[in-house]
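Novice: Provided herewith: upload12.cif, mmCIF, C-alpha atoms.
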```
data_start
#
loop_
_atom_site.label_atom_id
_atom_site.label_comp_id
_atom_site.auth_asym_id
_atom_site.auth_seq_id
_atom_site.Cartn_x
_atom_site.Cartn_y
_atom_site.Cartn_z
CA MET A 172 0.00 0.00 0.00
CA ASN A 173 0.91 3.63 -0.44
CA ILE A 174 0.11 5.04 3.02
CA TRP A 175 0.03 8.73 3.90
CA VAL A 176 -0.07 9.84 7.52
CA ILE A 177 -0.73 13.46 8.46
CA SER A 178 -0.05 14.47 12.05
CA LYS A 179 1.25 17.82 13.25
CA TYR A 180 3.09 16.18 16.14
CA ALA A 181 4.80 13.24 14.42
CA SER A 182 8.41 13.27 15.61
CA SER A 183 11.25 10.80 15.03
CA LYS A 184 14.13 9.57 17.19
CA GLU A 185 16.33 12.23 15.61
CA THR A 186 14.29 14.91 17.43
CA LYS A 187 14.95 13.17 20.81
CA PHE A 188 11.37 11.87 20.98
CA GLU A 189 9.82 9.19 18.78
CA SER A 190 6.06 9.54 18.52
CA ARG A 191 3.54 6.76 17.96
CA ILE A 192 3.20 7.78 14.30
CA PHE A 193 6.91 7.32 13.56
CA ALA A 194 7.12 4.07 15.50
CA LEU A 195 4.29 2.69 13.36
CA GLY A 196 5.49 4.34 10.14
CA ARG A 197 8.91 2.70 10.34
CA ARG A 198 7.31 -0.68 10.84
CA PHE A 199 4.83 -0.13 8.00
CA ALA A 200 7.88 0.53 5.77
CA GLN A 201 9.63 -2.60 7.08
CA LEU A 202 6.54 -4.59 6.11
CA GLY A 203 7.02 -3.42 2.52
CA HIS A 204 4.61 -0.48 2.30
CA GLU A 205 5.33 2.97 0.87
CA VAL A 206 4.95 5.41 3.76
CA THR A 207 4.80 9.21 3.74
CA ILE A 208 4.49 11.21 6.96
CA ILE A 209 3.46 14.86 6.75
CA SER A 210 4.21 16.76 9.94
CA SER A 211 5.54 20.02 11.42
CA ASP A 212 8.66 21.23 13.21
CA SER A 213 6.62 22.69 16.07
CA ASN A 214 6.31 20.13 18.86
CA HIS A 215 6.86 20.66 22.59
CA PHE A 216 8.43 17.20 22.88
CA GLY A 217 10.95 17.23 20.01
CA GLU A 218 14.06 19.23 19.14
CA TYR A 219 14.23 20.25 15.48
CA PRO A 220 16.83 21.88 13.23
CA THR A 221 16.16 25.38 11.90
CA TYR A 222 14.52 24.99 8.50
CA LYS A 223 15.00 27.77 5.95
CA GLN A 224 12.25 26.52 3.65
CA VAL A 225 8.58 26.03 4.47
CA TYR A 226 8.43 22.53 2.93
CA ASN A 227 11.30 20.13 3.68
CA ASP A 228 11.62 16.61 2.28
CA GLU A 229 13.52 13.93 4.22
CA ASN A 230 13.79 10.16 4.32
CA ILE A 231 14.10 8.56 7.74
CA ASP A 232 14.45 4.77 8.03
CA GLY A 233 12.69 4.26 4.71
CA VAL A 234 9.87 6.66 5.57
CA ASN A 235 9.30 9.68 3.33
CA VAL A 236 8.84 12.78 5.48
CA LEU A 237 7.46 16.18 4.52
CA ARG A 238 8.29 18.53 7.38
CA ILE A 239 6.38 21.82 7.32
CA ARG A 240 7.97 24.79 9.06
CA THR A 241 5.35 26.26 11.40
CA PHE A 242 4.79 28.86 14.11
CA LYS A 243 6.53 27.91 17.38
CA TYR A 244 5.16 27.76 20.91
CA SER A 245 6.49 26.60 24.30
CA ARG A 246 3.46 26.28 26.58
CA THR A 247 0.89 23.57 25.81
CA THR A 248 -1.98 25.66 27.15
CA SER A 249 -1.49 28.90 25.24
CA ILE A 250 -2.93 30.85 22.34
CA ARG A 251 0.41 30.38 20.54
CA ARG A 252 -0.31 26.65 20.32
CA ILE A 253 -3.67 27.32 18.64
CA ILE A 254 -1.96 29.75 16.24
CA SER A 255 0.56 27.00 15.46
CA TRP A 256 -2.34 24.64 14.63
CA ILE A 257 -3.86 27.16 12.22
CA ASP A 258 -0.47 27.92 10.65
CA PHE A 259 0.06 24.22 9.99
CA GLU A 260 -3.36 23.81 8.36
CA ILE A 261 -2.88 26.81 6.04
CA LYS A 262 0.54 25.58 4.93
CA LEU A 263 -0.75 22.02 4.58
CA PHE A 264 -3.53 23.33 2.30
CA PHE A 265 -0.92 24.88 -0.03
CA ALA A 266 1.61 22.03 0.27
CA PRO A 267 2.85 20.59 -3.07
CA LEU A 268 0.83 17.36 -2.77
CA ARG A 269 -1.69 17.45 -5.61
CA LYS A 270 0.69 15.99 -8.20
CA SER A 271 1.98 13.28 -5.85
CA ALA A 272 1.29 9.61 -6.45
CA ARG A 273 -2.20 8.76 -5.23
CA PRO A 274 -2.20 7.27 -1.71
CA ASP A 275 -4.16 4.07 -1.23
CA ILE A 276 -5.13 5.25 2.21
CA LEU A 277 -4.80 8.47 4.17
CA ILE A 278 -4.49 8.54 7.98
CA VAL A 279 -5.14 11.78 9.85
CA SER A 280 -3.94 11.53 13.44
CA SER A 281 -4.97 14.09 16.06
CA LEU A 282 -3.90 16.45 17.47
CA SER A 283 -4.48 18.91 15.77
CA LEU A 284 -8.15 18.15 15.33
CA LEU A 285 -8.31 20.77 12.56
CA THR A 286 -6.24 18.51 10.28
CA ILE A 287 -9.23 16.29 9.55
CA LEU A 288 -10.64 19.10 7.36
CA ASN A 289 -7.55 18.92 5.13
CA GLY A 290 -7.87 15.14 5.28
CA ILE A 291 -11.42 15.25 3.93
CA ARG A 292 -10.26 17.58 1.14
CA LEU A 293 -7.39 15.27 0.17
CA LYS A 294 -9.66 12.21 0.35
CA LYS A 295 -11.90 13.79 -2.28
CA HIS A 296 -8.98 14.98 -4.44
CA PHE A 297 -7.26 11.58 -4.56
CA ASN A 298 -10.46 9.50 -4.36
CA THR A 299 -8.92 7.49 -1.54
CA LYS A 300 -9.91 6.02 1.83
CA LEU A 301 -9.65 8.10 5.01
CA VAL A 302 -8.81 6.94 8.55
CA PHE A 303 -9.33 9.36 11.45
CA GLU A 304 -7.06 8.45 14.38
CA ILE A 305 -7.96 9.79 17.84
CA ARG A 306 -5.35 9.86 20.61
CA ASP A 307 -7.10 12.47 22.79
CA ILE A 308 -10.84 13.06 22.67
CA TRP A 309 -11.20 16.74 21.83
CA PRO A 310 -13.06 18.90 22.69
CA LEU A 311 -14.25 16.60 25.52
CA THR A 312 -10.80 16.77 27.15
CA MET A 313 -10.97 20.57 27.18
CA VAL A 314 -14.32 20.48 28.97
CA ALA A 315 -13.70 17.56 31.37
CA GLU A 316 -10.06 18.25 32.23
CA ALA A 317 -9.40 21.94 31.59
CA GLY A 318 -12.79 23.21 32.71
CA TYR A 319 -13.83 24.93 29.48
CA ASN A 320 -17.51 25.82 29.14
CA PRO A 321 -19.24 23.49 26.64
CA ARG A 322 -20.86 26.60 25.14
CA ASN A 323 -17.49 28.24 24.48
CA PRO A 324 -17.45 29.11 20.72
CA PHE A 325 -14.08 27.42 20.16
CA VAL A 326 -15.26 24.28 21.97
CA LYS A 327 -18.42 24.21 19.86
CA LEU A 328 -16.38 24.68 16.67
CA LEU A 329 -14.07 21.78 17.58
CA GLY A 330 -17.11 19.66 18.41
CA LEU A 331 -18.54 20.33 14.95
CA ILE A 332 -15.21 19.48 13.28
CA GLU A 333 -14.98 16.29 15.36
CA LYS A 334 -18.47 15.18 14.29
CA ILE A 335 -17.80 15.95 10.62
CA GLY A 336 -14.51 14.04 10.80
CA TYR A 337 -16.17 10.93 12.20
CA LYS A 338 -18.94 11.00 9.59
CA LYS A 339 -16.66 11.56 6.60
CA SER A 340 -14.06 8.92 7.54
CA ASP A 341 -14.06 5.34 6.33
CA LEU A 342 -12.66 4.19 9.69
CA VAL A 343 -12.14 5.82 13.09
CA VAL A 344 -9.21 4.46 15.08
CA GLY A 345 -8.70 5.21 18.76
CA THR A 346 -5.94 4.44 21.21
CA MET A 347 -8.61 4.06 23.90
CA PRO A 348 -10.54 0.76 23.95
CA ASN A 349 -14.08 2.13 24.30
CA LEU A 350 -13.94 5.05 21.83
CA VAL A 351 -16.77 3.44 19.86
CA GLU A 352 -19.27 4.50 22.53
CA HIS A 353 -18.16 8.13 22.24
CA VAL A 354 -18.19 8.21 18.43
CA HIS A 355 -21.64 6.67 18.16
CA GLY A 356 -22.92 8.98 20.91
CA VAL A 357 -21.56 12.14 19.25
CA THR A 358 -22.77 11.30 15.75
CA GLY A 359 -25.93 9.34 16.52
CA ASN A 360 -24.75 6.90 13.85
CA ARG A 361 -23.99 3.36 15.02
CA ASN A 362 -22.84 2.34 11.52
CA ILE A 363 -19.56 4.28 11.77
CA LYS A 364 -16.70 1.79 11.98
CA VAL A 365 -14.49 2.26 15.06
CA GLU A 366 -11.47 0.16 16.04
CA CYS A 367 -8.92 0.32 18.85
CA VAL A 368 -5.22 0.35 17.94
CA PRO A 369 -3.46 1.04 21.25
CA PHE A 370 -0.05 2.45 22.05
CA GLY A 371 2.79 -0.02 21.73
CA PHE A 372 6.35 -0.25 22.98
CA ASP A 373 9.82 -1.17 21.80
CA ALA A 374 10.91 -4.35 23.58
CA PHE A 375 14.52 -3.70 22.51
CA PHE A 376 14.64 -0.66 24.82
CA PHE A 377 14.20 -2.94 27.82
CA LYS A 378 16.82 -5.39 26.56
CA ILE A 379 19.54 -2.73 26.45
CA ASN A 380 18.52 -0.98 29.69
CA LYS A 381 18.95 -3.65 32.34
CA PRO A 382 17.90 -2.68 35.87
CA ASP A 383 20.54 -2.10 38.55
CA PRO A 384 18.47 -1.98 41.77
CA ILE A 385 21.40 -2.23 44.20
CA SER A 386 23.15 0.84 42.81
CA PHE A 387 19.88 2.79 42.64
CA ALA A 388 18.94 1.92 46.23
CA SER A 389 22.37 2.96 47.47
CA ARG A 390 22.23 6.31 45.66
CA TYR A 391 18.91 7.31 47.25
CA ASN A 392 19.25 5.52 50.62
CA ILE A 393 16.31 3.22 49.98
CA PRO A 394 15.89 0.53 52.66
CA ARG A 395 15.73 -3.05 51.41
CA ASP A 396 14.03 -4.56 54.48
CA LYS A 397 10.58 -3.02 53.93
CA PHE A 398 7.61 -3.68 51.69
CA ILE A 399 7.96 -1.05 48.96
CA ILE A 400 5.08 0.63 47.14
CA GLY A 401 6.37 2.60 44.14
CA TYR A 402 5.05 5.36 41.89
CA ALA A 403 6.93 6.73 38.87
CA GLY A 404 5.67 9.60 36.77
CA SER A 405 4.51 13.20 36.84
CA ILE A 406 3.49 14.71 40.17
CA GLY A 407 0.79 17.11 39.07
CA LEU A 408 -2.78 17.83 40.04
CA SER A 409 -4.17 15.75 37.17
CA ASN A 410 -2.21 12.67 38.29
CA GLY A 411 -4.54 12.20 41.26
CA LEU A 412 -1.89 11.52 43.91
CA SER A 413 -3.67 13.30 46.78
CA ALA A 414 -5.33 10.05 47.88
CA LEU A 415 -1.93 8.31 47.91
CA ILE A 416 -0.54 11.10 50.10
CA ASP A 417 -3.50 10.66 52.49
CA CYS A 418 -2.80 6.91 52.55
CA ILE A 419 0.86 7.55 53.38
CA GLN A 420 -0.21 9.74 56.30
CA ASN A 421 -2.69 7.10 57.48
CA MET A 422 0.01 4.39 57.43
CA ARG A 423 2.82 6.50 58.90
CA ASP A 424 3.07 4.35 62.04
CA ASP A 425 3.20 0.99 60.24
CA THR A 426 6.93 0.38 59.92
CA ARG A 427 6.47 -2.56 57.55
CA PHE A 428 5.84 -0.29 54.57
CA ILE A 429 7.57 2.48 52.68
CA PHE A 430 6.33 4.50 49.71
CA LEU A 431 8.65 5.72 46.96
CA ILE A 432 7.54 8.54 44.66
CA LEU A 433 9.77 9.18 41.66
CA GLY A 434 9.26 12.17 39.40
CA ASP A 435 8.62 15.89 39.32
CA GLY A 436 5.69 18.27 38.94
CA GLU A 437 3.90 21.28 40.34
CA MET A 438 2.45 19.37 43.32
CA LYS A 439 5.69 17.78 44.51
CA LYS A 440 6.62 20.51 47.02
CA GLU A 441 3.14 20.53 48.52
CA TYR A 442 3.05 16.74 48.87
CA ALA A 443 6.54 16.73 50.42
CA LYS A 444 5.42 19.37 52.90
CA LYS A 445 2.28 17.41 53.84
CA THR A 446 4.33 14.29 54.54
CA SER A 447 7.31 16.03 56.16
CA GLY A 448 6.72 14.21 59.46
CA CYS A 449 6.28 10.79 57.85
CA ASN A 450 9.17 8.32 57.85
CA ASN A 451 7.41 6.01 55.40
CA VAL A 452 7.91 8.00 52.18
CA ILE A 453 10.88 9.01 50.03
CA PHE A 454 10.61 11.48 47.16
CA ILE A 455 13.10 10.73 44.39
CA PRO A 456 13.95 13.28 41.67
CA LYS A 457 13.11 12.63 38.04
CA VAL A 458 15.65 10.35 36.33
CA ASP A 459 16.39 9.38 32.74
CA ARG A 460 13.94 6.79 31.42
CA SER A 461 16.80 4.28 31.11
CA GLU A 462 17.02 4.30 34.93
CA VAL A 463 13.30 3.90 35.63
CA SER A 464 13.55 0.10 35.39
CA SER A 465 16.12 0.12 38.21
CA PHE A 466 13.67 2.00 40.40
CA LEU A 467 10.72 -0.23 39.52
CA SER A 468 12.70 -3.40 40.18
CA LEU A 469 13.19 -2.28 43.80
CA CYS A 470 9.44 -2.15 44.46
CA ASN A 471 7.18 -4.95 45.63
CA ILE A 472 4.08 -3.40 44.07
CA LEU A 473 3.47 -0.38 41.82
CA TYR A 474 0.81 2.31 42.01
CA PHE A 475 -1.02 4.11 39.21
CA SER A 476 -3.75 6.73 39.58
CA ALA A 477 -6.04 9.02 37.63
CA LEU A 478 -8.61 11.53 38.82
CA LYS A 479 -12.25 10.74 38.21
CA SER A 480 -13.19 12.12 34.82
CA GLN A 481 -15.80 11.72 32.13
CA ILE A 482 -13.13 10.91 29.56
CA TRP A 483 -12.15 7.66 31.32
CA LYS A 484 -15.57 6.30 30.40
CA TYR A 485 -13.99 5.50 27.04
CA GLY A 486 -10.84 3.88 28.42
CA TRP A 487 -7.20 4.78 28.35
CA SER A 488 -3.85 3.49 27.14
CA PRO A 489 -1.14 5.12 29.28
CA ASN A 490 2.53 4.68 28.45
CA LYS A 491 3.32 4.48 32.17
CA LEU A 492 1.71 1.04 32.41
CA ILE A 493 4.16 -0.30 29.85
CA ASP A 494 7.12 0.41 32.14
CA TYR A 495 5.17 -0.97 35.09
CA MET A 496 4.16 -4.20 33.38
CA MET A 497 7.61 -4.79 31.91
CA ALA A 498 9.00 -4.53 35.45
CA GLY A 499 7.03 -7.67 36.28
CA LYS A 500 5.39 -6.21 39.39
CA PRO A 501 1.74 -6.29 40.56
CA ILE A 502 -0.13 -3.03 39.96
CA ILE A 503 -2.70 -1.15 42.01
CA ALA A 504 -4.66 1.10 39.64
CA SER A 505 -6.65 3.82 41.37
CA TYR A 506 -8.93 4.45 38.42
CA SER A 507 -12.68 4.72 37.91
CA GLY A 508 -13.31 4.18 34.22
CA PHE A 509 -13.40 1.64 31.40
CA GLN A 510 -10.91 -1.06 32.38
CA SER A 511 -8.24 -2.56 30.14
CA MET A 512 -4.70 -3.94 30.15
CA ILE A 513 -4.36 -4.76 33.87
CA ASN A 514 -7.56 -6.82 33.97
CA GLU A 515 -6.80 -8.40 30.58
CA ALA A 516 -3.35 -9.42 31.76
CA ASN A 517 -4.42 -10.36 35.30
CA SER A 518 -1.48 -8.29 36.52
CA GLY A 519 -3.07 -6.33 39.36
CA ILE A 520 -6.30 -4.79 40.57
CA PHE A 521 -8.45 -1.72 39.95
CA ILE A 522 -9.72 0.24 42.94
CA GLU A 523 -11.96 3.29 43.22
CA SER A 524 -10.20 6.48 42.23
CA GLU A 525 -9.42 9.13 44.89
CA ASN A 526 -10.00 6.72 47.80
CA ALA A 527 -7.14 6.56 50.34
CA PHE A 528 -8.74 3.73 52.33
CA ALA A 529 -9.08 1.60 49.18
CA ILE A 530 -5.36 2.12 48.53
CA LYS A 531 -4.48 0.97 52.04
CA ASP A 532 -6.69 -2.13 51.75
CA ALA A 533 -5.08 -3.02 48.41
CA VAL A 534 -1.56 -2.60 49.82
CA ILE A 535 -2.39 -4.91 52.73
CA GLN A 536 -3.98 -7.40 50.32
CA PHE A 537 -0.78 -7.70 48.27
CA PHE A 538 1.41 -7.70 51.39
CA LYS A 539 -0.40 -10.82 52.65
CA LEU A 540 0.41 -12.72 49.47
CA SER A 541 3.58 -14.77 49.24
CA ALA A 542 6.50 -13.48 47.17
CA GLU A 543 5.79 -16.29 44.68
CA GLU A 544 2.15 -15.24 44.29
CA ARG A 545 3.11 -11.60 43.71
CA ASN A 546 5.79 -12.65 41.24
CA LYS A 547 3.25 -14.69 39.25
CA ILE A 548 0.91 -11.69 39.00
CA GLY A 549 3.78 -9.48 37.83
CA ILE A 550 4.98 -11.97 35.23
CA ASN A 551 1.41 -12.17 33.86
CA GLY A 552 1.66 -8.50 32.99
CA ARG A 553 5.03 -8.75 31.28
CA ASN A 554 4.03 -11.76 29.19
CA TRP A 555 0.73 -10.18 28.13
CA LEU A 556 2.49 -7.00 27.11
CA LEU A 557 5.05 -8.82 24.96
CA GLU A 558 2.28 -10.77 23.22
CA ASN A 559 -0.08 -7.86 22.63
CA ARG A 560 1.68 -4.48 22.69
CA ASP A 561 5.04 -4.85 20.96
CA TRP A 562 5.10 -2.25 18.16
CA ASP A 563 5.49 -5.04 15.58
CA VAL A 564 2.27 -6.66 16.78
CA VAL A 565 0.42 -3.31 16.87
CA ALA A 566 1.66 -2.40 13.37
CA GLU A 567 0.50 -5.71 11.90
CA LYS A 568 -2.97 -5.22 13.41
CA TYR A 569 -3.13 -1.70 11.96
CA ILE A 570 -2.10 -2.95 8.49
CA PHE A 571 -4.79 -5.62 8.68
CA LEU A 572 -7.41 -2.93 9.40
CA LEU A 573 -6.10 -0.68 6.60
CA ASN A 574 -6.25 -3.53 4.09
CA LYS A 575 -9.80 -4.26 5.21
CA VAL A 576 -10.84 -0.63 4.66
CA ILE A 577 -9.26 -0.50 1.20
CA HIS A 578 -11.02 -3.64 0.00
CA GLU A 579 -14.44 -2.78 1.39
CA ARG A 580 -16.89 -1.35 -1.09
#
```
Any chance you could put this one into structure tokens?
Specialist:
Amino acid sequence: MNIWVISKYASSKETKFESRIFALGRRFAQLGHEVTIISSDSNHFGEYPTYKQVYNDENIDGVNVLRIRTFKYSRTTSIRRIISWIDFEIKLFFAPLRKSARPDILIVSSLSLLTILNGIRLKKHFNTKLVFEIRDIWPLTMVAEAGYNPRNPFVKLLGLIEKIGYKKSDLVVGTMPNLVEHVHGVTGNRNIKVECVPFGFDAFFFKINKPDPISFASRYNIPRDKFIIGYAGSIGLSNGLSALIDCIQNMRDDTRFIFLILGDGEMKKEYAKKTSGCNNVIFIPKVDRSEVSSFLSLCNILYFSALKSQIWKYGWSPNKLIDYMMAGKPIIASYSGFQSMINEANSGIFIESENAFAIKDAVIQFFKLSAEERNKIGINGRNWLLENRDWDVVAEKYIFLLNKVIHER
């Protein structure tokens, strides 16, 4: 197939951050397909060279890349980011694509949600099939997470674009497992085809980054004679760690347990202050991802949390769980939403979100298990991940779906 993928935020390893689109694109090319990725040089994750021209052609690992120079921004919640979206769409509209070889299929991957309008235009021009890939449900995320008024004109405009995109696409793909309920609810059309193609991972990364728990424990004075509950990730308001902090305070006198919190964020100082009199918690600064496995290997169980939110009704596919499951440790997920991964792998338990007493009960539950029983639960997660979420497996599933779309009348 000749596959085109348009995504403003598609970045490669060369920019210090490989996005989902590039991970899949490289594997599509390895499977023998012609792949073209159309993207921008404005991404808060990547580091790009200074382009003199607006349109820049490259070839990266067999993938044709058209990089469009666009307006830059630094803050994710700023008007400059919206301006960057619009700048990308205008330049994409005038991009030298019309005389290109016809794509067999065109994938538009959000964000930016505005790109689906260019996708619909190109679908008509090339008389090709269109796939609309959703990684964040906008504008619902703006309303549920950022507190925007549903009647805000920009929110209503994005909602209209979202609905049009779903209706005009031949297939809607989501990284979340229950997106179908949202799409059918928004459009009122249960005939729209919706599939889940989740995030994947590169197993090779874990092969070359072997954990060194002894060295890590020594560096941060982590005791080895206690039952360790670990959290690794951002420490912000949206991460829902307040209940964990309350649990730490509730268990401060139980010397059997210690909580390790690795990462950084705007709530870290406040949480450290609240637990300043507790001897059962250690805050560890953010480390390079290659060292995260050393931290996780020290823990007996791992903790994940998310605030209660309407968006979790449609499921989630967090990258954090990949590191957790590859560590081979049982997981406590403080999450009230559509369940996946952990329950499918039988690698831990879900508990009610924002409930400190539920966290304590879960910790005690795993503590009472034997080391062999906990190890079995952890290994379940690792094995399931290798069988289901390796990028090669995810790419092959995606290709199967694309072939199906192309051959459907």
Novice: Name the residues that the PyMOL selection byres ((chain A and resi 284) around 10) pulls out of this structure, and write them as a ChimeraX atom specification.
Specialist: /A:178-179,256,279-283,285-288,303-305,307-310,329-330,332-333,336
Novice: When the PyMOL selection byres ((chain A and resi 570-578) around 10) is applied to the structure above, which residues does it catch, written out as a count of residues only?
Specialist: 28
Novice: So which one's closest to Glu260 of chain A, A:Ser213, A:Asn517, A:Thr446, A:Thr241? Using only C-alpha atoms, please.
Specialist: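 Nearest to Glu260 of chain A: A:Thr241.
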Novice: Taking the file as shown, what set of residues would the PyMOL selection byres ((chain A and resi 403-406) around 6) give back, as number ranges by chain?
Specialist: A: 402, 407, 433-436, 438-439
Novice: Let me make sure I understand: among A:His296, A:Ile550, A:Tyr337, A:Ala533, which one has the smallest atom-to-atom distance to Gly359 of chain A if we use all atoms listed in the file?
Specialist: A:Tyr337
